[in-house]
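A.B. asks: Contents of upload01.txt (compact mmCIF, C-alpha atoms) are given next:
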```txt
# COMPACT_ATOMS: atom_id res chain seq x y z
CA MET A 1 1.45 18.47 -15.02
CA LYS A 2 1.79 14.70 -15.19
CA VAL A 3 2.32 12.61 -12.06
CA PHE A 4 4.47 9.49 -12.42
CA LYS A 5 4.82 6.83 -9.75
CA PHE A 6 7.60 4.25 -9.69
CA GLY A 7 7.47 1.40 -7.18
CA GLY A 8 10.26 -0.46 -5.45
CA ALA A 9 10.58 -3.11 -8.17
CA SER A 10 11.58 -0.43 -10.68
CA ILE A 11 14.61 0.68 -8.63
CA LYS A 12 15.73 -2.60 -7.06
CA ASP A 13 19.17 -2.38 -8.71
CA ALA A 14 21.43 -0.05 -10.71
CA GLU A 15 19.92 -1.15 -14.00
CA GLY A 16 16.49 -0.18 -12.66
CA PHE A 17 17.73 3.35 -11.86
CA ARG A 18 19.11 3.66 -15.39
CA ASN A 19 15.83 2.42 -16.85
CA VAL A 20 13.88 5.08 -14.90
CA LEU A 21 16.26 7.68 -16.35
CA SER A 22 15.64 6.42 -19.90
CA ILE A 23 11.86 6.59 -19.42
CA LEU A 24 12.01 10.12 -18.02
CA LYS A 25 14.11 11.27 -20.98
CA LYS A 26 11.13 10.48 -23.22
CA PHE A 27 9.21 13.22 -21.39
CA SER A 28 11.99 15.80 -21.32
CA GLY A 29 10.69 19.36 -21.05
CA GLN A 30 7.31 18.37 -19.63
CA GLU A 31 6.03 19.15 -16.13
CA ILE A 32 6.54 15.93 -14.19
CA VAL A 33 6.12 15.20 -10.50
CA LEU A 34 7.77 11.88 -9.73
CA VAL A 35 6.56 9.82 -6.75
CA VAL A 36 8.92 7.01 -5.75
CA SER A 37 8.76 4.12 -3.29
CA ALA A 38 11.51 2.49 -1.24
CA LEU A 39 13.90 0.09 -2.96
CA GLY A 40 12.40 -3.34 -3.57
CA LYS A 41 11.86 -5.33 -0.32
CA THR A 42 13.18 -2.46 1.85
CA THR A 43 9.86 -1.86 3.59
CA ASN A 44 9.72 -5.54 4.59
CA ALA A 45 13.30 -5.37 5.87
CA LEU A 46 12.57 -2.26 7.94
CA GLU A 47 9.46 -3.93 9.34
CA GLU A 48 11.77 -6.66 10.65
CA VAL A 49 13.85 -3.97 12.35
CA VAL A 50 10.73 -2.63 14.08
CA HIS A 51 9.61 -6.07 15.25
CA SER A 52 13.10 -6.91 16.50
CA TYR A 53 13.29 -3.61 18.37
CA PHE A 54 10.01 -4.28 20.18
CA GLU A 55 10.89 -7.92 20.88
CA ARG A 56 14.26 -6.78 22.33
CA ASN A 57 15.99 -9.80 20.81
CA GLY A 58 19.23 -7.94 20.07
CA ASN A 59 18.98 -8.16 16.28
CA ALA A 60 17.54 -4.74 15.43
CA ASN A 61 20.90 -3.00 14.85
CA GLN A 62 22.22 -5.83 12.70
CA LEU A 63 19.05 -5.85 10.61
CA LEU A 64 19.30 -2.08 10.13
CA ASN A 65 22.95 -2.39 9.13
CA GLU A 66 21.98 -4.88 6.42
CA VAL A 67 19.53 -2.35 4.99
CA ARG A 68 22.15 0.40 5.24
CA GLU A 69 24.82 -1.70 3.48
CA LYS A 70 22.43 -2.61 0.66
CA HIS A 71 21.75 1.06 -0.05
CA PHE A 72 25.38 2.17 0.08
CA ASP A 73 26.43 -0.76 -2.12
CA LEU A 74 23.88 0.27 -4.74
CA LEU A 75 24.81 3.94 -4.41
CA SER A 76 28.46 3.10 -5.13
CA LYS A 77 27.40 1.59 -8.45
CA LEU A 78 25.38 4.69 -9.37
CA ILE A 79 27.74 7.40 -8.07
CA PRO A 80 31.23 5.94 -7.45
CA ASP A 81 32.55 9.18 -5.91
CA SER A 82 32.10 8.56 -2.16
CA SER A 83 32.72 12.24 -1.43
CA HIS A 84 29.44 13.16 -3.13
CA LYS A 85 27.09 14.85 -0.66
CA VAL A 86 24.43 12.16 -1.12
CA TYR A 87 26.58 9.73 0.89
CA GLU A 88 26.41 12.02 3.91
CA GLU A 89 22.66 12.56 3.37
CA LEU A 90 22.00 8.82 3.42
CA ASN A 91 24.21 8.32 6.45
CA ASN A 92 22.40 11.05 8.38
CA THR A 93 19.02 9.50 7.54
CA PHE A 94 20.06 6.09 8.87
CA ILE A 95 21.52 7.71 12.00
CA GLU A 96 18.02 8.93 12.86
CA VAL A 97 17.00 5.27 13.22
CA ASP A 98 20.17 4.46 15.18
CA TRP A 99 19.05 7.04 17.74
CA ILE A 100 15.63 5.40 18.06
CA LEU A 101 17.19 1.96 18.60
CA GLU A 102 19.46 3.25 21.38
CA ASP A 103 16.52 3.63 23.78
CA GLU A 104 13.95 1.20 25.14
CA PRO A 105 10.58 1.32 23.34
CA SER A 106 8.47 3.97 25.02
CA GLU A 107 6.00 4.88 22.26
CA SER A 108 3.32 2.80 20.57
CA PHE A 109 4.27 0.14 18.01
CA ASP A 110 2.48 1.98 15.21
CA TYR A 111 4.23 5.28 15.97
CA ILE A 112 7.69 3.68 16.01
CA TYR A 113 6.81 1.71 12.88
CA ASP A 114 6.15 4.90 10.92
CA GLN A 115 9.29 6.70 12.14
CA ILE A 116 11.51 3.77 11.11
CA VAL A 117 9.81 2.36 8.02
CA SER A 118 9.39 5.78 6.40
CA ILE A 119 13.15 6.16 5.95
CA GLY A 120 13.00 3.65 3.09
CA GLU A 121 11.40 6.25 0.83
CA MET A 122 13.63 9.03 2.12
CA VAL A 123 16.87 7.28 1.17
CA SER A 124 15.66 5.84 -2.15
CA THR A 125 14.53 9.25 -3.39
CA LYS A 126 17.74 10.95 -2.27
CA MET A 127 19.69 8.33 -4.21
CA LEU A 128 17.52 8.71 -7.32
CA ALA A 129 17.60 12.52 -7.22
CA ALA A 130 21.39 12.51 -6.98
CA PHE A 131 21.68 9.96 -9.80
CA LEU A 132 19.35 11.90 -12.11
CA ASN A 133 21.17 15.17 -11.47
CA GLU A 134 24.55 13.52 -12.06
CA SER A 135 23.12 12.14 -15.32
CA GLY A 136 22.22 15.63 -16.53
CA MET A 137 18.51 15.59 -15.70
CA LYS A 138 17.74 18.57 -13.49
CA THR A 139 15.80 17.22 -10.53
CA LYS A 140 14.44 18.92 -7.42
CA TRP A 141 14.07 16.68 -4.37
CA ARG A 142 11.17 17.57 -2.08
CA ASP A 143 10.17 16.12 1.29
CA VAL A 144 6.57 14.92 0.96
CA ARG A 145 6.04 15.44 4.71
CA ASP A 146 6.18 19.18 4.03
CA PHE A 147 2.98 19.15 1.99
CA ILE A 148 0.94 15.98 2.63
CA ARG A 149 -0.57 16.60 6.06
CA THR A 150 -2.19 13.74 7.96
CA ASP A 151 -3.65 13.14 11.38
CA ASN A 152 -1.91 10.99 14.01
CA THR A 153 -3.36 7.65 12.89
CA TYR A 154 0.00 5.97 12.51
CA ARG A 155 0.34 3.31 9.78
CA GLU A 156 -2.87 4.60 8.18
CA GLY A 157 -2.58 8.36 8.22
CA LYS A 158 -5.75 10.17 7.18
CA VAL A 159 -5.07 13.05 4.80
CA ASP A 160 -6.16 16.54 5.78
CA TRP A 161 -7.27 17.50 2.29
CA LYS A 162 -7.72 21.22 2.91
CA ILE A 163 -4.24 21.81 4.33
CA THR A 164 -2.63 19.39 1.88
CA GLU A 165 -4.17 21.05 -1.17
CA LYS A 166 -3.09 24.48 0.06
CA LYS A 167 0.50 23.32 0.62
CA ILE A 168 0.74 21.50 -2.73
CA GLN A 169 -0.57 24.54 -4.59
CA ALA A 170 1.91 26.78 -2.77
CA GLN A 171 5.00 24.53 -2.77
CA LEU A 172 4.84 21.73 -5.32
CA VAL A 173 3.05 23.29 -8.29
CA PRO A 174 5.47 26.24 -8.65
CA ALA A 175 8.47 23.91 -8.30
CA SER A 176 7.23 21.68 -11.15
CA LYS A 177 7.21 24.60 -13.62
CA ASN A 178 10.99 24.54 -13.92
CA GLY A 179 11.96 20.90 -14.16
CA LEU A 180 11.41 17.48 -12.69
CA VAL A 181 10.24 17.30 -9.06
CA LEU A 182 10.96 14.10 -7.13
CA THR A 183 9.22 13.19 -3.88
CA GLN A 184 8.30 10.19 -1.77
CA GLY A 185 5.28 7.95 -1.82
CA PHE A 186 3.66 6.23 1.18
CA ILE A 187 4.54 9.00 3.68
CA GLY A 188 2.85 12.00 5.24
CA GLY A 189 3.56 14.30 8.14
CA THR A 190 1.60 15.46 11.17
CA SER A 191 1.23 18.99 12.49
CA GLU A 192 3.90 18.07 15.09
CA ASN A 193 6.32 17.05 12.29
CA PHE A 194 6.13 13.32 12.99
CA SER A 195 6.22 10.90 10.08
CA THR A 196 3.13 8.88 9.20
CA THR A 197 2.54 6.23 6.58
CA LEU A 198 -0.58 5.88 4.45
CA GLY A 199 -0.91 2.07 4.51
CA ARG A 200 1.11 -0.56 2.66
CA GLU A 201 1.49 0.14 -1.06
CA GLY A 202 0.44 3.71 -0.28
CA SER A 203 2.67 5.32 -2.93
CA ASP A 204 -0.13 4.96 -5.48
CA TYR A 205 -2.36 6.92 -3.14
CA THR A 206 0.31 9.61 -2.75
CA ALA A 207 0.35 10.07 -6.51
CA ALA A 208 -3.44 10.43 -6.56
CA VAL A 209 -3.41 12.96 -3.69
CA ILE A 210 -0.83 15.09 -5.48
CA ALA A 211 -2.69 14.84 -8.80
CA TYR A 212 -5.99 15.85 -7.20
CA CYS A 213 -4.55 18.79 -5.28
CA ALA A 214 -2.44 20.03 -8.20
CA GLY A 215 -5.14 19.50 -10.86
CA ALA A 216 -2.82 17.21 -12.86
CA GLU A 217 -3.51 16.12 -16.41
CA SER A 218 -2.95 12.42 -15.67
CA VAL A 219 -1.31 9.88 -13.39
CA THR A 220 0.90 7.05 -14.65
CA ILE A 221 1.84 4.14 -12.40
CA TRP A 222 4.87 2.27 -13.77
CA LYS A 223 4.93 -1.39 -12.77
CA ASP A 224 6.63 -4.69 -13.62
CA VAL A 225 3.44 -5.99 -15.27
CA PRO A 226 2.03 -4.89 -18.67
CA GLY A 227 -0.99 -3.22 -17.06
CA VAL A 228 -3.91 -4.18 -14.83
CA LEU A 229 -4.36 -7.94 -15.00
CA ASN A 230 -7.51 -9.91 -14.29
CA ALA A 231 -5.60 -11.86 -11.62
CA ASP A 232 -2.37 -11.66 -9.65
CA PRO A 233 0.26 -13.61 -11.65
CA ARG A 234 1.86 -14.74 -8.40
CA TYR A 235 -1.20 -16.88 -7.75
CA PHE A 236 -2.78 -17.39 -11.18
CA SER A 237 -0.57 -18.45 -14.10
CA ASP A 238 -3.07 -17.52 -16.82
CA ALA A 239 -3.56 -13.85 -15.84
CA LYS A 240 -4.51 -11.56 -18.75
CA LYS A 241 -4.13 -7.82 -19.26
CA ILE A 242 -7.23 -5.63 -19.23
CA ASP A 243 -6.95 -2.75 -21.72
CA HIS A 244 -9.54 -0.45 -20.18
CA LEU A 245 -11.38 -0.09 -16.88
CA SER A 246 -13.78 2.48 -15.51
CA PHE A 247 -13.16 4.15 -12.16
CA LYS A 248 -16.20 2.31 -10.80
CA GLU A 249 -14.99 -1.15 -11.80
CA THR A 250 -11.48 -0.45 -10.52
CA ILE A 251 -12.83 0.70 -7.16
CA GLU A 252 -14.74 -2.58 -6.89
CA MET A 253 -11.62 -4.59 -7.72
CA THR A 254 -9.41 -2.79 -5.23
CA PHE A 255 -12.11 -2.90 -2.53
CA TYR A 256 -12.03 -6.69 -2.75
CA GLY A 257 -8.25 -6.74 -2.48
CA ALA A 258 -6.74 -6.46 -5.97
CA THR A 259 -3.22 -5.25 -5.21
CA VAL A 260 -2.18 -3.77 -8.55
CA ILE A 261 -3.42 -0.36 -7.32
CA HIS A 262 -3.84 0.90 -3.75
CA PRO A 263 -7.58 0.93 -2.86
CA LYS A 264 -7.65 4.64 -1.93
CA THR A 265 -6.03 5.72 -5.18
CA ILE A 266 -9.05 5.81 -7.46
CA LYS A 267 -11.52 8.06 -5.65
CA PRO A 268 -9.49 11.32 -5.78
CA LEU A 269 -8.88 10.76 -9.48
CA GLN A 270 -12.54 9.98 -10.13
CA ASN A 271 -13.62 13.13 -8.29
CA LYS A 272 -11.64 15.30 -10.73
CA ASN A 273 -11.87 12.95 -13.73
CA ILE A 274 -8.08 12.54 -13.94
CA PRO A 275 -7.22 9.46 -16.06
CA LEU A 276 -4.90 6.82 -14.63
CA HIS A 277 -2.48 4.88 -16.82
CA VAL A 278 -0.91 1.64 -15.59
CA LYS A 279 2.14 0.86 -17.72
CA SER A 280 5.16 -1.42 -17.71
CA PHE A 281 8.54 0.09 -16.92
CA LEU A 282 9.98 -2.91 -18.78
CA ASN A 283 8.24 -1.85 -22.00
CA ALA A 284 7.48 1.84 -21.82
CA GLU A 285 6.10 1.98 -25.36
CA ALA A 286 3.34 -0.59 -24.70
CA SER A 287 -0.22 0.67 -24.24
CA GLY A 288 -0.83 -0.62 -20.70
CA THR A 289 -4.24 -0.09 -19.09
CA VAL A 290 -6.28 3.11 -19.11
CA ILE A 291 -8.63 3.83 -16.19
CA ASP A 292 -11.13 6.64 -16.62
CA SER A 293 -14.81 7.54 -16.27
CA ASP A 294 -16.01 5.61 -19.36
CA MET A 295 -18.07 2.59 -18.22
CA ASN A 296 -19.14 1.49 -21.70
CA ASP A 297 -15.91 -0.33 -22.45
CA ASP A 298 -15.53 -2.25 -19.18
CA ALA A 299 -14.33 -5.79 -19.70
CA ARG A 300 -16.55 -8.56 -18.39
CA THR A 301 -13.89 -11.20 -18.16
CA PRO A 302 -13.74 -12.89 -14.72
CA VAL A 303 -11.47 -11.00 -12.32
CA LEU A 304 -9.85 -13.08 -9.58
CA VAL A 305 -8.59 -11.61 -6.31
CA LEU A 306 -6.88 -13.79 -3.71
CA LYS A 307 -6.11 -12.50 -0.22
CA PRO A 308 -3.86 -14.88 1.74
CA GLU A 309 -3.23 -14.90 5.50
CA GLN A 310 -6.87 -14.57 6.46
CA ILE A 311 -8.62 -15.51 9.69
CA LEU A 312 -12.28 -16.47 10.11
CA ILE A 313 -13.79 -15.43 13.45
CA SER A 314 -17.21 -16.70 14.55
CA VAL A 315 -18.84 -14.99 17.53
CA SER A 316 -21.90 -15.99 19.55
CA PRO A 317 -23.39 -14.67 22.84
CA LYS A 318 -22.63 -16.38 26.13
CA ASP A 319 -26.17 -15.64 27.37
CA PHE A 320 -29.56 -16.19 25.70
CA SER A 321 -29.56 -13.05 23.55
CA PHE A 322 -29.74 -12.88 19.78
CA MET A 323 -27.01 -11.44 17.61
CA ALA A 324 -28.90 -8.19 17.02
CA GLU A 325 -27.98 -4.53 16.66
CA GLU A 326 -26.75 -4.00 20.22
CA GLN A 327 -24.36 -6.97 20.06
CA LEU A 328 -23.11 -6.06 16.61
CA ALA A 329 -22.47 -2.48 17.72
CA LYS A 330 -20.22 -3.78 20.52
CA ILE A 331 -18.29 -6.02 18.17
CA PHE A 332 -17.80 -3.29 15.59
CA GLY A 333 -16.69 -0.95 18.37
CA MET A 334 -13.99 -3.43 19.37
CA MET A 335 -12.94 -3.78 15.73
CA ALA A 336 -12.55 -0.03 15.42
CA LYS A 337 -10.67 0.18 18.72
CA HIS A 338 -8.11 -2.45 17.65
CA ARG A 339 -8.17 -1.44 13.97
CA VAL A 340 -9.07 -4.92 12.82
CA LYS A 341 -10.20 -4.89 9.18
CA PHE A 342 -12.86 -7.31 8.06
CA ASN A 343 -13.09 -8.35 4.41
CA MET A 344 -16.35 -10.31 4.52
CA MET A 345 -19.07 -10.86 7.13
CA GLN A 346 -22.23 -12.87 7.68
CA ASN A 347 -24.66 -12.97 10.58
CA ALA A 348 -27.33 -15.37 11.76
CA ALA A 349 -29.73 -15.38 14.73
CA ILE A 350 -27.15 -16.29 17.36
CA SER A 351 -23.84 -15.98 15.54
CA PHE A 352 -21.77 -13.47 13.61
CA SER A 353 -18.85 -14.53 11.39
CA PHE A 354 -16.30 -12.40 9.62
CA CYS A 355 -13.09 -12.83 7.69
CA ALA A 356 -10.20 -10.46 8.47
CA ASP A 357 -6.53 -9.90 7.73
CA ASP A 358 -4.52 -11.94 10.22
CA ALA A 359 -2.38 -9.09 11.55
CA LYS A 360 -1.35 -10.62 14.88
CA GLU A 361 -0.40 -7.38 16.64
CA ARG A 362 -3.99 -6.17 16.19
CA VAL A 363 -5.99 -9.40 16.03
CA ASN A 364 -4.65 -10.96 19.23
CA PRO A 365 -5.63 -8.09 21.58
CA PHE A 366 -8.97 -7.87 19.76
CA LEU A 367 -9.66 -11.60 20.29
CA GLU A 368 -8.70 -11.32 23.96
CA GLU A 369 -11.21 -8.54 24.57
CA LEU A 370 -13.85 -10.21 22.41
CA SER A 371 -13.53 -13.48 24.36
CA ASN A 372 -14.37 -11.68 27.61
CA GLU A 373 -17.95 -11.16 26.44
CA TYR A 374 -18.58 -13.76 23.71
CA LYS A 375 -17.91 -17.31 22.68
CA VAL A 376 -15.29 -17.09 19.95
CA LEU A 377 -14.28 -19.70 17.37
CA VAL A 378 -11.22 -19.00 15.24
CA ASN A 379 -9.99 -20.59 11.99
CA GLU A 380 -6.53 -19.53 10.82
CA GLY A 381 -4.42 -20.07 7.71
CA LEU A 382 -7.23 -19.25 5.29
CA GLU A 383 -7.60 -17.42 1.99
CA LEU A 384 -10.32 -15.13 0.69
CA LEU A 385 -11.07 -15.70 -2.99
CA THR A 386 -13.18 -13.09 -4.78
CA ILE A 387 -14.35 -13.53 -8.37
CA ARG A 388 -15.88 -10.55 -10.18
CA HIS A 389 -18.07 -11.37 -13.22
CA TYR A 390 -17.95 -15.02 -12.25
CA ASP A 391 -19.27 -17.98 -14.17
CA GLU A 392 -19.77 -21.52 -12.93
CA GLN A 393 -16.79 -22.91 -14.81
CA THR A 394 -14.43 -20.38 -13.23
CA VAL A 395 -15.85 -21.05 -9.77
CA GLN A 396 -15.47 -24.82 -10.18
CA THR A 397 -11.92 -24.48 -11.48
CA GLN A 398 -10.82 -22.18 -8.67
CA THR A 399 -12.40 -24.19 -5.84
CA GLN A 400 -10.70 -27.44 -6.75
CA ARG A 401 -8.50 -28.56 -3.85
CA ARG A 402 -10.04 -25.90 -1.63
CA GLU A 403 -12.49 -26.38 1.25
CA ILE A 404 -15.16 -23.64 1.34
CA LEU A 405 -15.87 -22.36 4.86
CA LEU A 406 -18.02 -19.36 3.98
CA GLU A 407 -19.63 -18.18 0.75
CA GLN A 408 -21.45 -15.05 -0.43
CA LYS A 409 -22.89 -14.25 -3.86
CA THR A 410 -24.27 -11.20 -5.61
CA ARG A 411 -25.14 -10.80 -9.28
CA ASN A 412 -21.59 -9.79 -10.17
CA THR A 413 -19.39 -11.10 -7.39
CA ILE A 414 -18.79 -14.28 -5.41
CA GLN A 415 -16.62 -14.37 -2.29
CA LEU A 416 -15.30 -17.58 -0.76
CA VAL A 417 -13.39 -18.08 2.46
CA VAL A 418 -11.36 -21.20 1.70
CA ARG A 419 -8.73 -23.55 3.09
CA ARG A 420 -6.37 -25.38 0.78
CA PHE A 421 -6.36 -29.17 0.99
```
The structure in this file should be written as structure tokens.
C.D. replies:
Amino acid sequence: MKVFKFGGASIKDAEGFRNVLSILKKFSGQEIVLVVSALGKTTNALEEVVHSYFERNGNANQLLNEVREKHFDLLSKLIPDSSHKVYEELNNTFIEVDWILEDEPSESFDYIYDQIVSIGEMVSTKMLAAFLNESGMKTKWRDVRDFIRTDNTYREGKVDWKITEKKIQAQLVPASKNGLVLTQGFIGGTSENFSTTLGREGSDYTAAVIAYCAGAESVTIWKDVPGVLNADPRYFSDAKKIDHLSFKETIEMTFYGATVIHPKTIKPLQNKNIPLHVKSFLNAEASGTVIDSDMNDDARTPVLVLKPEQILISVSPKDFSFMAEEQLAKIFGMMAKHRVKFNMMQNAAISFSFCADDAKERVNPFLEELSNEYKVLVNEGLELLTIRHYDEQTVQTQTQRREILLEQKTRNTIQLVVRRF
């Protein structure tokens, strides 16, 4: 079995759907499990629906209708026959969200988020399955919530590996023996049959979970870049492709925030030594990047990772105590309670500073509780720049027109919390 993952950029329009079909034809007759994300930008659009619903500003239904219209417009270009059953399937999926929006919010934000945002993958995969079948490629659509079991940590569902492996072996593996199987990325299901999501960009992780549990031969992630680059081309114009990476080096890169692969993806593959290929869906014949256990061929070119929308929080006691273990334990307890993720930290005798993602719905309640016990200083609108295999020239070039607020160095990595001039 091979596991393929296609992200939202690959199916953003009708031409993208046809391109996926042409790639799959190259692997005709092979055992393929296809993991697919929501259409490009759909997750962001559904997040707006969730925020509008909780803010009660009256725009949630209109925002949902815009998402609905986009999908039906695209579907009409793929399957013009509006009597095809997929039209009713899509409509029924959107109606599930209509029902949620009819009532006042009574559940937690994270729970509602997962129930609404998860429909993006449900409708995209139903559209793709119908299109592939209409194009003569026998495709079996499967609901990933039936076999990836998570706990109730909404927006970051934790996989129950034992149950998930049992279900994948019983349901997914047999299905893949007789043709293409298509399922969703990013989503799981609880024992109570509620939807969960695995964290943003979690479709990569889904592919790795399936590959691990099914004992797949390989995983291929198809992207709009030629492979793994040493920097995000959105931020760095001179980004270069890396031909080979070890699991260890890739884990380091993703830990520091490299977004080409979801951070959780690598470990399941490493545990079973399943190679990962990152290839371009725009040029399927190109070599891409290979990620495996071989550490001898790791590139040592500088790797740049930029995380925008960061916040730097500095904490100090209100009394005469030092910032020792007891104080740090309290602060970390509050972080865990509010699910605030820190990306870099540094402590001194009477202060503790850390850089975190500026997710307001989590950070604001955290800061409110933190301020009850400590003096708190906050800097917003920052970036976290990480350079693996750095050299002085690269550091100097990348820190031009940036004010450094916090810096940490190891032999291989430098991290800088910076503010642009």
A.B. asks: Stretch 96-110 of chain A: which residues within 7 Å, counting all atoms listed in the file, same-chain residues fewer than 3 positions away excluded, as a list of chain:residue names?
C.D. replies: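 Close residues of stretch 96-110 of chain A: A:Tyr53, A:Phe54, A:Asn92, A:Thr93, A:Tyr113, A:Asp114, A:Ile116, A:Tyr154, A:Arg155.
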A.B. asks: Between A:Val181, A:Ile311, A:Ala175, A:Ile168, which has the minimum distance to A:Ile32 (counting only C-alpha atoms)?
C.D. replies: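 Result for the nearest residue to A:Ile32: A:Val181.
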A.B. asks: So, counting all atoms listed in the file, which residue among A:Asp358, A:Ala329, A:Gly185, A:Ser118 is closest to A:Phe342?
C.D. replies: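 Of all the options, A:Asp358 lies closest to A:Phe342.
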A.B. asks: Have a look at A:Leu370, A:His277, A:Ser22, A:Pro317 and name the one nearest to A:Val340; count all atoms listed in the file.
C.D. replies: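 Comparing A:Leu370, A:His277, A:Ser22, A:Pro317 against A:Val340, the winner is A:Leu370.
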A.B. asks: Just the residues within 10 Å of A:Lys158, please, counting only C-alpha atoms, with nothing from its chain fewer than 3 positions along; format it as an MDAnalysis selection string.
C.D. replies: chainID A and resid 148:155 161 188 190 196:199
A.B. asks: If you measure from atom CA of A:Gln415 to atom CA of A:Lys241, what distance in Å do you get, rounded to one decimal?
C.D. replies: 22.1 Å
A.B. asks: Please provide as JSON, numbers by chain all residues within 6 Å of A:Val123, with the sequence filter that same-chain residues fewer than 3 positions apart are discarded (counting all atoms listed in the file).
C.D. replies: {"A": [90, 120, 126]}
A.B. asks: Which residue gives the smallest distance to A:Leu367 among A:Ile350, A:Ile163, A:Met334, A:Thr397, with all atoms listed in the file counted?
C.D. replies: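 Result for the nearest residue to A:Leu367: A:Met334.
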A.B. asks: Which value, in Å to one decimal, gives the distance between atom CA of A:Ser316 and atom CA of A:Val363?
C.D. replies: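 A separation of 17.6 Å between them.
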A.B. asks: Excluding same-chain residues fewer than 6 positions from A:Met335, what lies within 12 Å of it counting all atoms listed in the file, as a PyMOL selection string?
C.D. replies: chain A and resi 313+328-329+341-342+354+356-357+362-370
A.B. asks: Can I get the residues of stretch 31-142 of chain A within 9 Å of stretch 204-208 of chain A, each with the closest pair of atoms and their distance in Å to one decimal, using all atoms listed in the file, sorted chain first then ascending number, as a Markdown table?
C.D. replies:
```
| residue | atom | partner | partner_atom | distance |
| --- | --- | --- | --- | --- |
| A:Val33 | CA | A:Ala207 | CA | 8.7 |
| A:Leu34 | CA | A:Ala207 | CA | 8.3 |
| A:Val35 | CA | A:Ala207 | CA | 6.2 |
```
A.B. asks: Work out how far atom CA of A:Ala45 is from atom CA of A:Glu201, in Å to one decimal.
C.D. replies: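 Between these atoms lies a distance of 14.8 Å.
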A.B. asks: Of the candidates A:Asp143, A:Glu48, A:Asp238, A:Glu134, which shows the shortest atom-to-atom distance to A:Glu121, using only C-alpha atoms?
C.D. replies: A:Asp143
A.B. asks: Restricting the calculation to only C-alpha atoms: of A:Cys213, A:Leu304, A:Ile23, A:Ile221, which residue gets closest to A:Pro275?
C.D. replies: A:Ile221
A.B. asks: Mind checking which residues fall within 12 Å of A:Asp81, counting all atoms listed in the file, ignoring those fewer than 6 positions away in the same chain, and posting them as a VMD selection string?
C.D. replies: chain A and resid 72 75 87 to 88 130 to 131 134
A.B. asks: Mind listing as number ranges by chain all residues within 9 Å of (2.9, 5.2, -18.0), counting all atoms listed in the file?
C.D. replies: A: 4-5, 219-223, 276-281, 284-289
A.B. asks: Take the residues that were just selected and, keeping C-alpha atoms, output them as a JSON list (two decimals), keeping the file's coordinate frame.
C.D. replies:
```json
[["chain", "number", "residue", "atom", "x", "y", "z"],
["A", 4, "PHE", "CA", 4.47, 9.49, -12.42],
["A", 5, "LYS", "CA", 4.82, 6.83, -9.75],
["A", 219, "VAL", "CA", -1.31, 9.88, -13.39],
["A", 220, "THR", "CA", 0.90, 7.05, -14.65],
["A", 221, "ILE", "CA", 1.84, 4.14, -12.40],
["A", 222, "TRP", "CA", 4.87, 2.27, -13.77],
["A", 223, "LYS", "CA", 4.93, -1.39, -12.77],
["A", 276, "LEU", "CA", -4.90, 6.82, -14.63],
["A", 277, "HIS", "CA", -2.48, 4.88, -16.82],
["A", 278, "VAL", "CA", -0.91, 1.64, -15.59],
["A", 279, "LYS", "CA", 2.14, 0.86, -17.72],
["A", 280, "SER", "CA", 5.16, -1.42, -17.71],
["A", 281, "PHE", "CA", 8.54, 0.09, -16.92],
["A", 284, "ALA", "CA", 7.48, 1.84, -21.82],
["A", 285, "GLU", "CA", 6.10, 1.98, -25.36],
["A", 286, "ALA", "CA", 3.34, -0.59, -24.70],
["A", 287, "SER", "CA", -0.22, 0.67, -24.24],
["A", 288, "GLY", "CA", -0.83, -0.62, -20.70],
["A", 289, "THR", "CA", -4.24, -0.09, -19.09]]
```
A.B. asks: Just add N, CA and C atoms to stretch 327-335 of chain A and send it as a PDB file, keeping the file's coordinate frame.
C.D. replies:
```
ATOM      1  N   GLN A 327     -25.551  -6.119  20.026  1.00  0.00           N
ATOM      2  CA  GLN A 327     -24.360  -6.970  20.060  1.00  0.00           C
ATOM      3  C   GLN A 327     -23.402  -6.615  18.931  1.00  0.00           C
ATOM      4  N   LEU A 328     -23.956  -6.390  17.748  1.00  0.00           N
ATOM      5  CA  LEU A 328     -23.110  -6.060  16.610  1.00  0.00           C
ATOM      6  C   LEU A 328     -22.386  -4.722  16.817  1.00  0.00           C
ATOM      7  N   ALA A 329     -23.093  -3.772  17.445  1.00  0.00           N
ATOM      8  CA  ALA A 329     -22.470  -2.480  17.720  1.00  0.00           C
ATOM      9  C   ALA A 329     -21.254  -2.642  18.630  1.00  0.00           C
ATOM     10  N   LYS A 330     -21.361  -3.523  19.632  1.00  0.00           N
ATOM     11  CA  LYS A 330     -20.220  -3.780  20.520  1.00  0.00           C
ATOM     12  C   LYS A 330     -19.043  -4.369  19.763  1.00  0.00           C
ATOM     13  N   ILE A 331     -19.355  -5.346  18.910  1.00  0.00           N
ATOM     14  CA  ILE A 331     -18.290  -6.020  18.170  1.00  0.00           C
ATOM     15  C   ILE A 331     -17.598  -5.051  17.208  1.00  0.00           C
ATOM     16  N   PHE A 332     -18.399  -4.254  16.499  1.00  0.00           N
ATOM     17  CA  PHE A 332     -17.800  -3.290  15.590  1.00  0.00           C
ATOM     18  C   PHE A 332     -16.998  -2.229  16.347  1.00  0.00           C
ATOM     19  N   GLY A 333     -17.442  -1.879  17.542  1.00  0.00           N
ATOM     20  CA  GLY A 333     -16.690  -0.950  18.370  1.00  0.00           C
ATOM     21  C   GLY A 333     -15.323  -1.501  18.735  1.00  0.00           C
ATOM     22  N   MET A 334     -15.281  -2.799  19.069  1.00  0.00           N
ATOM     23  CA  MET A 334     -13.990  -3.430  19.370  1.00  0.00           C
ATOM     24  C   MET A 334     -13.107  -3.494  18.130  1.00  0.00           C
ATOM     25  N   MET A 335     -13.709  -3.777  16.980  1.00  0.00           N
ATOM     26  CA  MET A 335     -12.940  -3.780  15.730  1.00  0.00           C
ATOM     27  C   MET A 335     -12.280  -2.423  15.491  1.00  0.00           C
TER      28      MET A 335
END
```
